[in-house]
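A.B. asks: So I've got this file, data-v6.cif, and it contains mmCIF, C-alpha atoms:
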```cif
data_model
#
loop_
_atom_site.label_atom_id
_atom_site.label_comp_id
_atom_site.auth_asym_id
_atom_site.auth_seq_id
_atom_site.Cartn_x
_atom_site.Cartn_y
_atom_site.Cartn_z
CA MET K 111 55.39 0.05 -25.73
CA LYS K 112 56.16 1.68 -22.44
CA TYR K 113 53.53 3.30 -20.24
CA LYS K 114 54.21 6.16 -17.90
CA GLU K 115 54.32 5.13 -14.26
CA TYR K 116 52.43 7.34 -11.84
CA LYS K 117 53.60 7.40 -8.26
CA GLY K 118 51.67 9.03 -5.45
CA LEU K 119 48.72 9.60 -7.76
CA ASP K 120 46.39 12.36 -6.57
CA TYR K 121 42.95 11.13 -7.63
CA ALA K 122 41.20 14.36 -6.68
CA LYS K 123 43.62 16.40 -8.78
CA THR K 124 43.33 13.99 -11.71
CA GLY K 125 39.55 14.15 -11.53
CA LYS K 126 39.59 17.94 -11.63
CA GLU K 127 41.96 17.94 -14.60
CA ILE K 128 39.73 15.54 -16.57
CA LEU K 129 36.58 17.50 -15.75
CA LYS K 130 38.30 20.71 -16.81
CA TYR K 131 39.38 19.14 -20.09
CA TRP K 132 35.88 17.79 -20.77
CA LYS K 133 34.36 21.20 -20.10
CA GLU K 134 36.87 23.26 -22.12
CA GLU K 135 36.76 20.92 -25.09
CA GLN K 136 32.99 20.31 -24.80
CA ILE K 137 33.56 16.55 -24.94
CA PHE K 138 30.03 15.67 -23.83
CA GLU K 139 28.47 17.96 -26.43
CA LYS K 140 30.76 16.57 -29.14
CA SER K 141 29.82 12.98 -28.24
CA ILE K 142 26.35 13.94 -29.48
CA SER K 143 27.05 16.40 -32.32
CA SER K 144 29.72 14.17 -33.92
CA ARG K 145 27.13 11.43 -34.40
CA GLU K 146 24.52 13.47 -36.19
CA GLY K 147 22.61 11.24 -38.58
CA GLN K 148 23.47 8.02 -36.77
CA PRO K 149 20.84 5.78 -35.14
CA SER K 150 19.62 7.32 -31.91
CA PHE K 151 19.44 5.87 -28.42
CA THR K 152 17.05 7.98 -26.37
CA PHE K 153 17.68 8.46 -22.67
CA TYR K 154 15.62 10.45 -20.18
CA GLU K 155 17.03 10.73 -16.69
CA GLY K 156 14.74 9.03 -14.16
CA PRO K 157 14.46 12.37 -12.41
CA PRO K 158 15.57 12.92 -8.83
CA SER K 159 13.80 15.29 -6.48
CA ALA K 160 15.99 18.16 -5.31
CA ASN K 161 14.10 18.72 -2.06
CA GLY K 162 16.63 16.46 -0.35
CA THR K 163 20.40 16.23 -0.52
CA PRO K 164 22.03 13.61 -2.77
CA GLY K 165 23.68 10.54 -1.24
CA ILE K 166 26.14 7.82 -2.22
CA HIS K 167 23.26 5.61 -3.43
CA HIS K 168 22.46 8.26 -6.04
CA VAL K 169 26.07 8.10 -7.26
CA MET K 170 25.79 4.34 -7.63
CA ALA K 171 22.48 4.47 -9.50
CA ARG K 172 23.67 7.21 -11.83
CA ALA K 173 26.92 5.39 -12.57
CA VAL K 174 24.91 2.41 -13.81
CA LYS K 175 22.81 4.67 -16.06
CA ASP K 176 25.94 6.35 -17.38
CA ILE K 177 27.53 3.02 -18.30
CA PHE K 178 24.72 2.17 -20.73
CA CYS K 179 24.73 5.60 -22.35
CA ARG K 180 28.53 5.54 -22.82
CA TYR K 181 28.35 2.01 -24.21
CA LYS K 182 25.74 3.00 -26.77
CA THR K 183 27.81 6.08 -27.68
CA LEU K 184 30.88 3.87 -28.28
CA LYS K 185 28.73 1.63 -30.49
CA GLY K 186 28.06 4.61 -32.74
CA PHE K 187 24.63 5.71 -31.55
CA GLN K 188 23.71 9.33 -31.04
CA VAL K 189 22.77 9.43 -27.37
CA LYS K 190 20.93 12.58 -26.38
CA ARG K 191 20.74 12.50 -22.60
CA LYS K 192 18.00 14.64 -21.19
CA GLY K 193 18.11 15.46 -17.50
CA GLY K 194 15.07 16.19 -15.41
CA TRP K 195 13.65 17.07 -12.02
CA ASP K 196 10.83 15.28 -10.23
CA THR K 197 8.80 18.00 -8.55
CA HIS K 198 5.69 16.11 -7.46
CA GLY K 199 5.04 13.84 -4.54
CA LEU K 200 3.83 13.59 -1.00
CA PRO K 201 7.26 14.06 0.69
CA VAL K 202 7.49 17.59 -0.75
CA GLU K 203 3.99 18.46 0.45
CA LEU K 204 4.59 17.06 3.93
CA GLN K 205 7.86 18.94 4.19
CA VAL K 206 6.18 22.25 3.33
CA GLU K 207 3.26 21.60 5.69
CA LYS K 208 5.70 20.86 8.50
CA GLU K 209 7.65 24.05 7.82
CA LEU K 210 4.45 26.13 7.76
CA ASP K 211 2.81 24.22 10.64
CA ILE K 212 -0.34 23.52 8.61
CA THR K 213 -2.40 20.51 7.49
CA LYS K 214 -4.11 19.79 4.18
CA GLU K 215 -7.32 21.27 5.59
CA ASP K 216 -5.57 24.64 6.11
CA ILE K 217 -4.84 25.06 2.39
CA GLY K 218 -7.25 27.66 1.07
CA LYS K 219 -7.86 28.94 4.61
CA LYS K 220 -4.62 29.82 6.42
CA ILE K 221 -2.70 29.87 3.15
CA SER K 222 -3.93 30.27 -0.42
CA VAL K 223 -3.55 27.49 -2.96
CA GLU K 224 -1.26 29.76 -5.01
CA GLU K 225 1.00 30.47 -2.01
CA TYR K 226 1.11 26.79 -1.09
CA ASN K 227 2.03 25.76 -4.63
CA GLN K 228 4.74 28.40 -4.81
CA ARG K 229 6.25 27.27 -1.51
CA CYS K 230 6.27 23.68 -2.80
CA ARG K 231 8.02 24.82 -6.00
CA GLU K 232 10.71 26.55 -3.96
CA THR K 233 11.18 23.66 -1.53
CA VAL K 234 11.41 20.98 -4.21
CA MET K 235 14.40 22.79 -5.78
CA LYS K 236 16.07 23.62 -2.47
CA PHE K 237 19.17 21.49 -3.05
CA LYS K 238 19.44 21.78 -6.84
CA ASP K 239 22.92 23.34 -6.60
CA GLN K 240 24.22 20.33 -4.65
CA TRP K 241 22.72 17.96 -7.22
CA ASP K 242 24.31 19.89 -10.11
CA ASP K 243 27.67 19.84 -8.33
CA LEU K 244 27.46 16.08 -7.74
CA THR K 245 26.43 15.48 -11.35
CA GLU K 246 29.47 17.30 -12.66
CA ARG K 247 32.01 15.97 -10.15
CA MET K 248 31.11 12.32 -10.69
CA GLY K 249 31.40 12.75 -14.45
CA TYR K 250 27.77 11.93 -15.13
CA TRP K 251 26.98 13.08 -18.65
CA VAL K 252 23.44 14.45 -18.88
CA ASP K 253 21.96 17.64 -20.31
CA LEU K 254 20.87 19.80 -17.38
CA ASP K 255 20.85 23.03 -19.39
CA ASP K 256 17.46 22.14 -20.81
CA PRO K 257 15.92 19.64 -18.33
CA TYR K 258 12.33 18.52 -18.18
CA VAL K 259 10.66 19.69 -14.97
CA THR K 260 7.47 17.93 -13.96
CA PHE K 261 5.75 21.02 -12.53
CA GLU K 262 6.14 23.04 -15.75
CA ARG K 263 3.02 23.45 -17.83
CA GLU K 264 4.71 22.19 -21.00
CA TYR K 265 5.58 18.89 -19.33
CA ILE K 266 2.11 18.43 -17.80
CA GLU K 267 0.37 19.21 -21.10
CA SER K 268 2.66 16.80 -22.97
CA LEU K 269 1.46 14.02 -20.67
CA TRP K 270 -2.17 14.95 -21.26
CA SER K 271 -1.46 14.85 -24.98
CA ILE K 272 -0.01 11.35 -24.69
CA LEU K 273 -3.00 10.21 -22.63
CA LYS K 274 -5.33 11.57 -25.30
CA GLU K 275 -3.48 9.56 -27.94
CA LEU K 276 -3.91 6.41 -25.84
CA TYR K 277 -7.59 7.23 -25.34
CA ASP K 278 -8.16 7.85 -29.06
CA GLN K 279 -6.67 4.42 -29.78
CA GLY K 280 -8.98 2.74 -27.28
CA LEU K 281 -6.12 1.74 -25.00
CA LEU K 282 -7.53 3.23 -21.79
CA TYR K 283 -10.11 1.43 -19.69
CA LYS K 284 -11.66 1.82 -16.28
CA GLY K 285 -10.62 -0.72 -13.68
CA TYR K 286 -9.99 -1.08 -9.98
CA THR K 287 -6.94 -1.95 -7.92
CA ILE K 288 -6.20 -1.82 -4.22
CA GLN K 289 -3.67 0.90 -3.44
CA PRO K 290 -2.11 2.22 -0.22
CA TYR K 291 -3.88 5.40 0.90
CA SER K 292 -3.24 8.04 3.55
CA PRO K 293 -6.37 9.66 5.06
CA ALA K 294 -4.16 12.20 6.83
CA ALA K 295 -2.56 13.31 3.56
CA GLY K 296 -5.70 12.78 1.49
CA THR K 297 -3.88 10.91 -1.26
CA GLY K 298 -2.72 7.53 -2.47
CA LEU K 299 0.81 6.44 -1.63
CA SER K 300 3.51 5.24 -4.01
CA SER K 301 5.92 2.42 -3.22
CA HIS K 302 8.66 5.05 -2.81
CA GLU K 303 6.59 6.95 -0.25
CA LEU K 304 5.90 3.74 1.66
CA ASN K 305 9.66 3.30 2.03
CA GLN K 306 10.22 6.70 3.62
CA PRO K 307 11.87 6.65 7.08
CA GLY K 308 9.35 6.14 9.87
CA THR K 309 6.65 4.68 7.61
CA TYR K 310 6.70 1.26 9.25
CA ARG K 311 6.28 1.08 13.00
CA ASP K 312 5.26 -1.52 15.54
CA VAL K 313 1.69 -0.80 16.59
CA LYS K 314 -0.78 -2.42 18.95
CA ASP K 315 -4.12 -3.37 17.40
CA THR K 316 -7.36 -4.83 18.68
CA THR K 317 -8.00 -8.18 16.99
CA ILE K 318 -11.25 -10.08 16.70
CA THR K 319 -12.15 -13.69 16.05
CA ALA K 320 -15.53 -13.34 14.36
CA GLN K 321 -18.20 -16.01 13.97
CA PHE K 322 -19.74 -16.24 10.51
CA LYS K 323 -22.95 -18.27 10.70
CA LYS K 324 -23.20 -21.09 8.19
CA LYS K 325 -26.29 -20.62 6.07
CA GLY K 326 -29.04 -23.12 6.80
CA ALA K 327 -27.43 -24.37 10.01
CA GLU K 328 -28.75 -23.78 13.52
CA ASN K 329 -25.58 -23.09 15.55
CA GLU K 330 -22.72 -23.68 13.13
CA TYR K 331 -20.08 -21.02 12.47
CA PHE K 332 -16.86 -20.38 10.56
CA LEU K 333 -14.20 -18.71 12.71
CA ALA K 334 -12.06 -16.00 11.12
CA TRP K 335 -9.46 -13.93 12.95
CA THR K 336 -8.68 -10.40 11.79
CA THR K 337 -6.28 -7.63 12.79
CA THR K 338 -8.44 -5.08 10.95
CA PRO K 339 -11.94 -5.37 12.47
CA TRP K 340 -13.02 -2.15 10.73
CA THR K 341 -13.03 -4.06 7.42
CA LEU K 342 -15.60 -6.60 8.66
CA ALA K 343 -18.52 -4.45 7.47
CA ALA K 344 -17.12 -4.91 3.94
CA ASN K 345 -16.75 -8.70 4.19
CA THR K 346 -18.08 -10.70 1.22
CA ALA K 347 -16.18 -14.00 1.39
CA LEU K 348 -14.09 -16.33 3.57
CA ALA K 349 -10.91 -17.86 2.18
CA VAL K 350 -9.52 -21.30 3.03
CA GLY K 351 -6.46 -23.20 1.88
CA GLU K 352 -7.58 -26.06 -0.34
CA LYS K 353 -4.96 -28.47 1.03
CA ILE K 354 -5.31 -27.43 4.67
CA ASP K 355 -7.09 -29.75 7.12
CA TYR K 356 -10.11 -28.24 8.90
CA VAL K 357 -12.23 -29.50 11.79
CA LYS K 358 -15.75 -28.92 13.07
CA VAL K 359 -15.73 -28.56 16.85
CA GLU K 360 -18.65 -29.05 19.19
CA THR K 361 -18.37 -26.65 22.15
CA TYR K 362 -20.15 -23.89 24.06
CA ASN K 363 -20.12 -20.15 23.49
CA ALA K 364 -18.53 -18.49 26.52
CA TYR K 365 -20.75 -15.42 26.10
CA THR K 366 -24.18 -17.03 25.67
CA PHE K 367 -23.37 -20.48 27.16
CA GLU K 368 -25.21 -22.01 24.20
CA LYS K 369 -23.96 -25.10 22.41
CA SER K 370 -22.36 -24.32 19.05
CA PHE K 371 -20.26 -25.86 16.32
CA VAL K 372 -17.27 -23.94 14.96
CA ILE K 373 -15.03 -24.63 11.96
CA LEU K 374 -11.32 -23.77 11.90
CA ALA K 375 -7.99 -25.22 10.77
CA LYS K 376 -6.94 -28.39 12.57
CA ASP K 377 -3.45 -27.00 13.17
CA ARG K 378 -4.95 -23.97 14.96
CA LEU K 379 -7.14 -26.00 17.32
CA SER K 380 -4.79 -25.69 20.31
CA ALA K 381 -4.64 -21.89 19.87
CA TYR K 382 -8.36 -21.63 20.58
CA PHE K 383 -9.07 -24.66 22.76
CA ASN K 384 -7.12 -25.85 25.79
CA PRO K 385 -6.20 -29.49 25.05
CA LYS K 386 -6.95 -30.35 28.70
CA HIS K 387 -10.56 -29.28 28.21
CA ALA K 388 -11.06 -32.03 25.64
CA GLU K 389 -11.33 -34.42 28.56
CA ALA K 390 -14.35 -32.55 29.97
CA GLN K 391 -17.78 -33.99 29.22
CA ILE K 392 -19.89 -31.93 26.81
CA GLU K 393 -23.09 -33.11 28.50
CA GLU K 394 -21.97 -31.98 31.97
CA TYR K 395 -21.26 -28.36 31.05
CA GLN K 396 -23.11 -25.73 33.11
CA ALA K 397 -23.51 -22.07 32.17
CA GLY K 398 -20.63 -20.06 33.62
CA ASP K 399 -18.23 -23.02 34.03
CA LYS K 400 -14.62 -21.95 33.66
CA VAL K 401 -13.79 -25.15 31.79
CA VAL K 402 -15.46 -25.03 28.37
CA PRO K 403 -15.46 -28.57 26.93
CA PHE K 404 -15.02 -29.33 23.25
CA ARG K 405 -14.68 -32.24 20.90
CA VAL K 406 -13.89 -32.64 17.21
CA VAL K 407 -16.91 -34.10 15.44
CA GLU K 408 -15.87 -33.86 11.78
CA GLU K 409 -12.83 -33.20 9.56
CA PHE K 410 -12.57 -31.69 6.08
CA LYS K 411 -10.04 -30.63 3.48
CA GLY K 412 -10.22 -26.97 2.58
CA LYS K 413 -11.35 -27.82 -0.94
CA ASP K 414 -14.43 -29.51 0.56
CA LEU K 415 -15.48 -26.24 2.20
CA VAL K 416 -15.24 -24.16 -1.00
CA GLY K 417 -18.70 -23.10 -2.12
CA TRP K 418 -20.35 -23.26 1.32
CA ASP K 419 -22.58 -20.28 2.11
CA TYR K 420 -22.78 -18.19 5.26
CA GLU K 421 -24.79 -15.21 6.50
CA GLN K 422 -23.59 -11.61 6.24
CA LEU K 423 -21.83 -10.61 9.45
CA LEU K 424 -22.66 -6.88 9.54
CA PRO K 425 -25.61 -6.35 7.16
CA TYR K 426 -25.43 -2.60 6.63
CA VAL K 427 -24.92 -2.62 2.86
CA LYS K 428 -25.75 -5.29 0.30
CA PRO K 429 -22.96 -6.44 -2.06
CA ASP K 430 -22.94 -5.60 -5.77
CA GLY K 431 -22.77 -9.26 -6.79
CA PRO K 432 -22.62 -12.86 -5.48
CA ALA K 433 -21.21 -12.96 -1.96
CA PHE K 434 -20.89 -14.69 1.40
CA LYS K 435 -19.30 -17.88 0.14
CA VAL K 436 -16.21 -19.84 1.15
CA ILE K 437 -13.56 -19.52 -1.57
CA ALA K 438 -10.01 -20.76 -2.10
CA GLY K 439 -7.06 -18.51 -1.23
CA ASP K 440 -3.47 -19.38 -2.10
CA PHE K 441 -2.18 -17.09 0.67
CA VAL K 442 -4.02 -18.81 3.53
CA THR K 443 -1.72 -20.38 6.13
CA THR K 444 -1.99 -21.89 9.61
CA GLU K 445 0.81 -19.81 11.13
CA ASP K 446 -1.68 -17.65 13.02
CA GLY K 447 -5.40 -16.94 13.22
CA THR K 448 -7.89 -19.70 12.47
CA GLY K 449 -6.75 -20.79 9.03
CA ILE K 450 -9.80 -19.02 7.61
CA VAL K 451 -9.28 -15.50 6.24
CA HIS K 452 -12.03 -12.88 6.13
CA ILE K 453 -12.14 -11.34 2.64
CA SER K 454 -12.92 -7.68 2.01
CA PRO K 455 -12.34 -6.96 -1.71
CA THR K 456 -12.25 -3.16 -1.26
CA PHE K 457 -9.51 -3.13 1.36
CA GLY K 458 -6.92 -5.77 0.47
CA ALA K 459 -4.97 -6.57 -2.70
CA ASP K 460 -5.08 -10.34 -2.10
CA ASP K 461 -8.72 -10.07 -1.06
CA TYR K 462 -9.60 -8.26 -4.28
CA ARG K 463 -7.68 -10.76 -6.42
CA VAL K 464 -9.19 -13.97 -5.03
CA ALA K 465 -12.68 -12.45 -4.82
CA LYS K 466 -12.53 -11.42 -8.46
CA GLN K 467 -11.28 -14.87 -9.48
CA ALA K 468 -14.20 -16.46 -7.62
CA GLY K 469 -16.78 -14.02 -9.00
CA ILE K 470 -17.45 -12.50 -5.59
CA GLY K 471 -18.91 -8.98 -5.35
CA ALA K 472 -17.92 -6.09 -3.10
CA ILE K 473 -19.60 -3.84 -0.54
CA LEU K 474 -19.84 -0.38 -2.12
CA VAL K 475 -21.96 2.75 -1.66
CA LYS K 476 -22.77 5.70 -3.94
CA ASP K 477 -21.07 9.04 -3.35
CA GLU K 478 -22.65 12.42 -4.11
CA GLU K 479 -21.69 12.13 -7.76
CA GLY K 480 -23.12 8.64 -8.11
CA HIS K 481 -19.78 6.81 -8.15
CA ASN K 482 -19.27 3.49 -6.38
CA VAL K 483 -16.95 4.03 -3.41
CA PRO K 484 -15.83 1.98 -0.39
CA ILE K 485 -17.53 2.25 3.01
CA VAL K 486 -14.65 4.34 4.40
CA ASP K 487 -14.35 7.90 3.09
CA LYS K 488 -11.15 9.65 2.04
CA ARG K 489 -10.62 11.00 5.55
CA GLY K 490 -10.75 7.52 7.07
CA ARG K 491 -14.31 7.57 8.47
CA TYR K 492 -17.20 5.16 8.06
CA VAL K 493 -19.82 6.48 5.61
CA LYS K 494 -23.40 7.25 6.67
CA GLU K 495 -24.66 3.85 5.45
CA ILE K 496 -22.78 2.17 8.32
CA THR K 497 -25.41 3.61 10.61
CA ASP K 498 -24.17 2.43 14.01
CA PHE K 499 -20.67 3.80 13.40
CA ALA K 500 -21.24 6.55 10.78
CA GLY K 501 -18.62 9.29 10.87
CA ILE K 502 -16.30 7.39 13.21
CA TYR K 503 -12.64 7.19 12.16
CA VAL K 504 -11.53 3.61 11.57
CA LYS K 505 -8.29 4.34 13.43
CA ASN K 506 -7.87 6.50 16.53
CA GLU K 507 -4.63 7.84 15.01
CA TYR K 508 -6.74 9.86 12.55
CA TYR K 509 -8.25 11.99 15.32
CA SER K 510 -6.64 15.17 16.61
CA GLU K 511 -5.09 14.75 20.04
CA ALA K 512 -7.99 16.52 21.74
CA ASP K 513 -10.69 14.47 20.01
CA VAL K 514 -9.45 10.90 20.56
CA PRO K 515 -12.40 8.86 21.97
CA ASP K 516 -12.10 6.55 24.97
CA LYS K 517 -12.75 3.48 22.84
CA SER K 518 -11.51 2.76 19.33
CA LEU K 519 -13.80 1.64 16.53
CA GLU K 520 -12.31 -1.87 16.82
CA VAL K 521 -13.50 -2.03 20.43
CA TYR K 522 -16.99 -0.79 19.52
CA ILE K 523 -17.23 -3.44 16.79
CA ALA K 524 -16.01 -6.13 19.18
CA ILE K 525 -18.72 -5.13 21.69
CA LYS K 526 -21.42 -5.22 19.00
CA LEU K 527 -20.33 -8.65 17.75
CA LYS K 528 -20.22 -9.97 21.30
CA GLU K 529 -23.75 -8.72 21.97
CA GLU K 530 -25.02 -10.33 18.75
CA ASN K 531 -23.24 -13.66 19.40
CA LYS K 532 -20.95 -13.05 16.44
CA ALA K 533 -17.62 -13.02 18.27
CA PHE K 534 -15.86 -16.08 19.63
CA ILE K 535 -13.84 -16.51 22.81
CA VAL K 536 -12.88 -19.48 24.97
#
```
Can I see the file as structure tokens?

C.D. replies:
Amino acid sequence: MKYKEYKGLDYAKTGKEILKYWKEEQIFEKSISSREGQPSFTFYEGPPSANGTPGIHHVMARAVKDIFCRYKTLKGFQVKRKGGWDTHGLPVELQVEKELDITKEDIGKKISVEEYNQRCRETVMKFKDQWDDLTERMGYWVDLDDPYVTFEREYIESLWSILKELYDQGLLYKGYTIQPYSPAAGTGLSSHELNQPGTYRDVKDTTITAQFKKKGAENEYFLAWTTTPWTLAANTALAVGEKIDYVKVETYNAYTFEKSFVILAKDRLSAYFNPKHAEAQIEEYQAGDKVVPFRVVEEFKGKDLVGWDYEQLLPYVKPDGPAFKVIAGDFVTTEDGTGIVHISPTFGADDYRVAKQAGIGAILVKDEEGHNVPIVDKRGRYVKEITDFAGIYVKNEYYSEADVPDKSLEVYIAIKLKEENKAFIV
């Protein structure tokens, strides 16, 4: 058998000819109708959002989807391919708010909810024509004549119907997870939204090495370093690595000049104590001396510390269960900090996981409806129960430009801990 040889093949022309043939002969439609009665393979397009233009990565992803549908069609299945449009999500809202120069707080004031929703509906379909053109030109077979659209009432009610079925079968339960949240947007954030351009930036934070007083001891403390001091009011545990070596150090507090004993990872000793100061005599120290002497008086494995109790650092709210114990954490390292991690179950996924495994409670307060909620409200401010700092935003970035205070909450907390001999510095 001889095959025709094509020279100087014009791929663009060939593509147009094939697409024309498919359209005139309704090849896609026939691939479905000709298999009526055969086993079905159901496919719903993981819907794109048409508020942005399509890119080459969309071509690649759709080509992979198309391969499976064509394969199943060739195997004799009837493959109904339903297209769709994703019309929900924070990027759409932020885009509209930027265009209208408004914030979430302006909805219902400067613009009605109905007008805002309508503008979002228009914006989310802004580039639909480009998406349709790409779909056809790349030969992606999917039914876009009757797509599912997530903002349509029929789609929303179908989801509620499915949820009711799950509820009726006892498959829904109430639980808690730690999720990314944006106080500025007033909503949780999906993994897709966290990968939007500009989401991750280098920022400068105030860090604190806090002293957690060992229960029943006179001047003995666990040292824990944190880059999020605003979570300290929600602390209910301290995590150590079971195989990590820890030391108890006899030294003096540089704020109060009082003798104290602090516990931290052995590998982090030089980060907090100048090795040269080990030669200084503990007994000869005088208040105000620049050289603060220290010496290691005891060593432990992390597993030996598990179960030890300590006193609550910032006793504004009592926990809802057992708390203020040293627990094991598989994520604890000695790369930075003290080798002891402050655990706040309401503000960290790892924190929540290890606290739950150890039976440790959380710091929660009641909202107006009687629900248990964290100590930071949805706008990013401390709740009234945190009396010294009530109403203060946990990050200065949450303030308007005109209202940014001279000191951040982290600095205020650092000052308070210093005054109460609960912060450590050498």

A.B. asks: I need the output of the PyMOL selection byres ((chain K and resi 344) around 6) for this file as a list in words; which residues are they?

C.D. replies: Thr341, Leu342, Ala343, Asn345, Ser454 and Ile473 of chain K

A.B. asks: In Å, with one decimal, what is the gap from CA of Ala320 in chain K to CA of Thr336 in chain K?

C.D. replies: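 Computing it gives 7.9 Å between the two atoms.
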
A.B. asks: Kindly indicate which residue among K:Gln240, K:Tyr277, K:Lys214, K:Val416 lies nearest to Arg489 in chain K, using all atoms listed in the file for the distances.

C.D. replies: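 The answer is K:Lys214, which sits nearest to Arg489 in chain K.
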
A.B. asks: From the list K:Trp251, K:Pro149, K:Ile485, K:Phe383, which residue is nearest Trp132 in chain K when using all atoms listed in the file?

C.D. replies: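 Going through K:Trp251, K:Pro149, K:Ile485, K:Phe383 one by one, the smallest distance to Trp132 in chain K is for K:Trp251.
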
A.B. asks: Centre and edge lengths, as AutoDock Vina command-line options, for the axis-aligned box enclosing every listed atom of range 507-517 of chain K with 4 Å of padding on each of the six sides, in Å to one decimal?

C.D. replies:
```
--center_x -8.7 --center_y 10.0 --center_z 18.8 --size_x 16.1 --size_y 21.0 --size_z 20.4
```

A.B. asks: With the file shown as input, list the residues that the PyMOL selection byres ((chain K and resi 172-176) around 9) selects, as a list in words.

C.D. replies: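 Written out, the selection comes to Glu155, His167, His168, Val169, Met170, Ala171, Ile177, Phe178, Cys179, Arg180, Tyr181, Thr245, Met248, Gly249, Tyr250, Trp251 and Val252 of chain K.
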
A.B. asks: So which one's closest to Val359 in chain K, K:Ala375, K:Ile470, K:Ala465, K:Ile502? Using all atoms listed in the file, please.

C.D. replies: K:Ala375

A.B. asks: Mind running range 298-343 of chain K against range 186-201 of chain K at 9 Å and telling me each contacting residue's nearest atom pair with the distance in Å (one decimal), counting all atoms listed in the file, chain and number ascending, as a tab-separated table?

C.D. replies:
```
residue	atom	partner	partner_atom	distance
K:Leu299	CA	K:Leu200	CA	7.8
K:Ser300	CA	K:Gly199	CA	8.8
K:Glu303	CA	K:Pro201	CA	7.2
K:Gln306	CA	K:Pro201	CA	8.5
```

A.B. asks: Please write as a ChimeraX atom specification the full residue list that the PyMOL selection byres ((chain K and resi 491) around 6) yields on this file.

C.D. replies: /K:486-487,489-490,492,501-504

A.B. asks: Measuring between only C-alpha atoms, which one of K:Ala160, K:Val357, K:Leu269, K:Val442 shows the shortest distance to Trp335 in chain K?

C.D. replies: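 Closest to Trp335 in chain K, using only C-alpha atoms: K:Val442.
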
A.B. asks: One decimal, Å: what's the distance from CA of Gly449 in chain K over to CA of Lys435 in chain K, could you say?

C.D. replies: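 Interatomic distance, CA of Gly449 in chain K to CA of Lys435 in chain K: 15.7 Å.
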
A.B. asks: For each of K:Glu139, K:Glu246, K:Glu478, K:Glu203, take the minimum atom-to-atom distance to Gly125 in chain K, counting only C-alpha atoms, then give the residue where this is smallest.

C.D. replies: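 Looking at the shortest contact to Gly125 in chain K, the residue is K:Glu246.
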
A.B. asks: Considering all atoms listed in the file, can you say which of K:Phe434, K:Tyr131, K:Trp241, K:Tyr395 comes closest to Ala347 in chain K?

C.D. replies: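 Distance minimum relative to Ala347 in chain K lands on K:Phe434.
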
A.B. asks: Hey, what's within 7 Å of Val202 in chain K if we count only C-alpha atoms and toss same-chain stuff fewer than 6 positions away? As a PDB file with C-alpha atoms, in the coordinates of the input, please?

C.D. replies:
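File produced: result_4.pdb:
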```
ATOM      1  CA  ASN K 161      14.100  18.720  -2.060  1.00  0.00           C
ATOM      2  CA  CYS K 230       6.270  23.680  -2.800  1.00  0.00           C
ATOM      3  CA  VAL K 234      11.410  20.980  -4.210  1.00  0.00           C
TER       4      VAL K 234
END
```

A.B. asks: Go ahead and compute the interatomic distance for CA of Glu360 in chain K and CA of Asp419 in chain K, in Å to one decimal.

C.D. replies: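 That distance, rounded to one decimal, is 19.6 Å.
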
A.B. asks: Compute the distance from (-12.4, -29.2, 14.4) to each atom, counting all atoms listed in the file, keep the residues with any atom at most 7 Å away, and return them as a PyMOL selection string; use the coordinates of the file.

C.D. replies: chain K and resi 356-359+373-376+379+406-409

A.B. asks: So that I can see what lies close to range 114-123 of chain K, please list as a ChimeraX atom specification the residues with an atom at most 12 Å from it, counting all atoms listed in the file and leaving out residues fewer than 5 positions away in the same chain.

C.D. replies: /K:128-130,247-248

A.B. asks: Taking C-alpha atoms for each residue, export the selection above as a short mmCIF file (atom, residue, chain, number, x, y, z; two decimals), keeping the file's coordinate frame.

C.D. replies:
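For reference, part-v6.cif as written:
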```
data_model
loop_
_atom_site.label_atom_id
_atom_site.label_comp_id
_atom_site.auth_asym_id
_atom_site.auth_seq_id
_atom_site.Cartn_x
_atom_site.Cartn_y
_atom_site.Cartn_z
CA ILE K 128 39.73 15.54 -16.57
CA LEU K 129 36.58 17.50 -15.75
CA LYS K 130 38.30 20.71 -16.81
CA ARG K 247 32.01 15.97 -10.15
CA MET K 248 31.11 12.32 -10.69
#
```

A.B. asks: Which neighbours of range 283-288 of chain K fall inside 7 Å, counting all atoms listed in the file, when residues of the same chain fewer than 5 positions from it are skipped, and could you give them as an MDAnalysis selection string?

C.D. replies: chainID K and resid 456:459

A.B. asks: What residues have an atom no more than 10 Å from (-16.2, -35.5, 25.9) in the file's own frame, counting all atoms listed in the file, and can you write them as a list in words?

C.D. replies: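 Every residue inside that radius is included here: Glu360, Thr361, His387, Ala388, Glu389, Ala390, Gln391, Ile392, Glu393, Glu394, Pro403, Phe404, Arg405 and Val406 of chain K.
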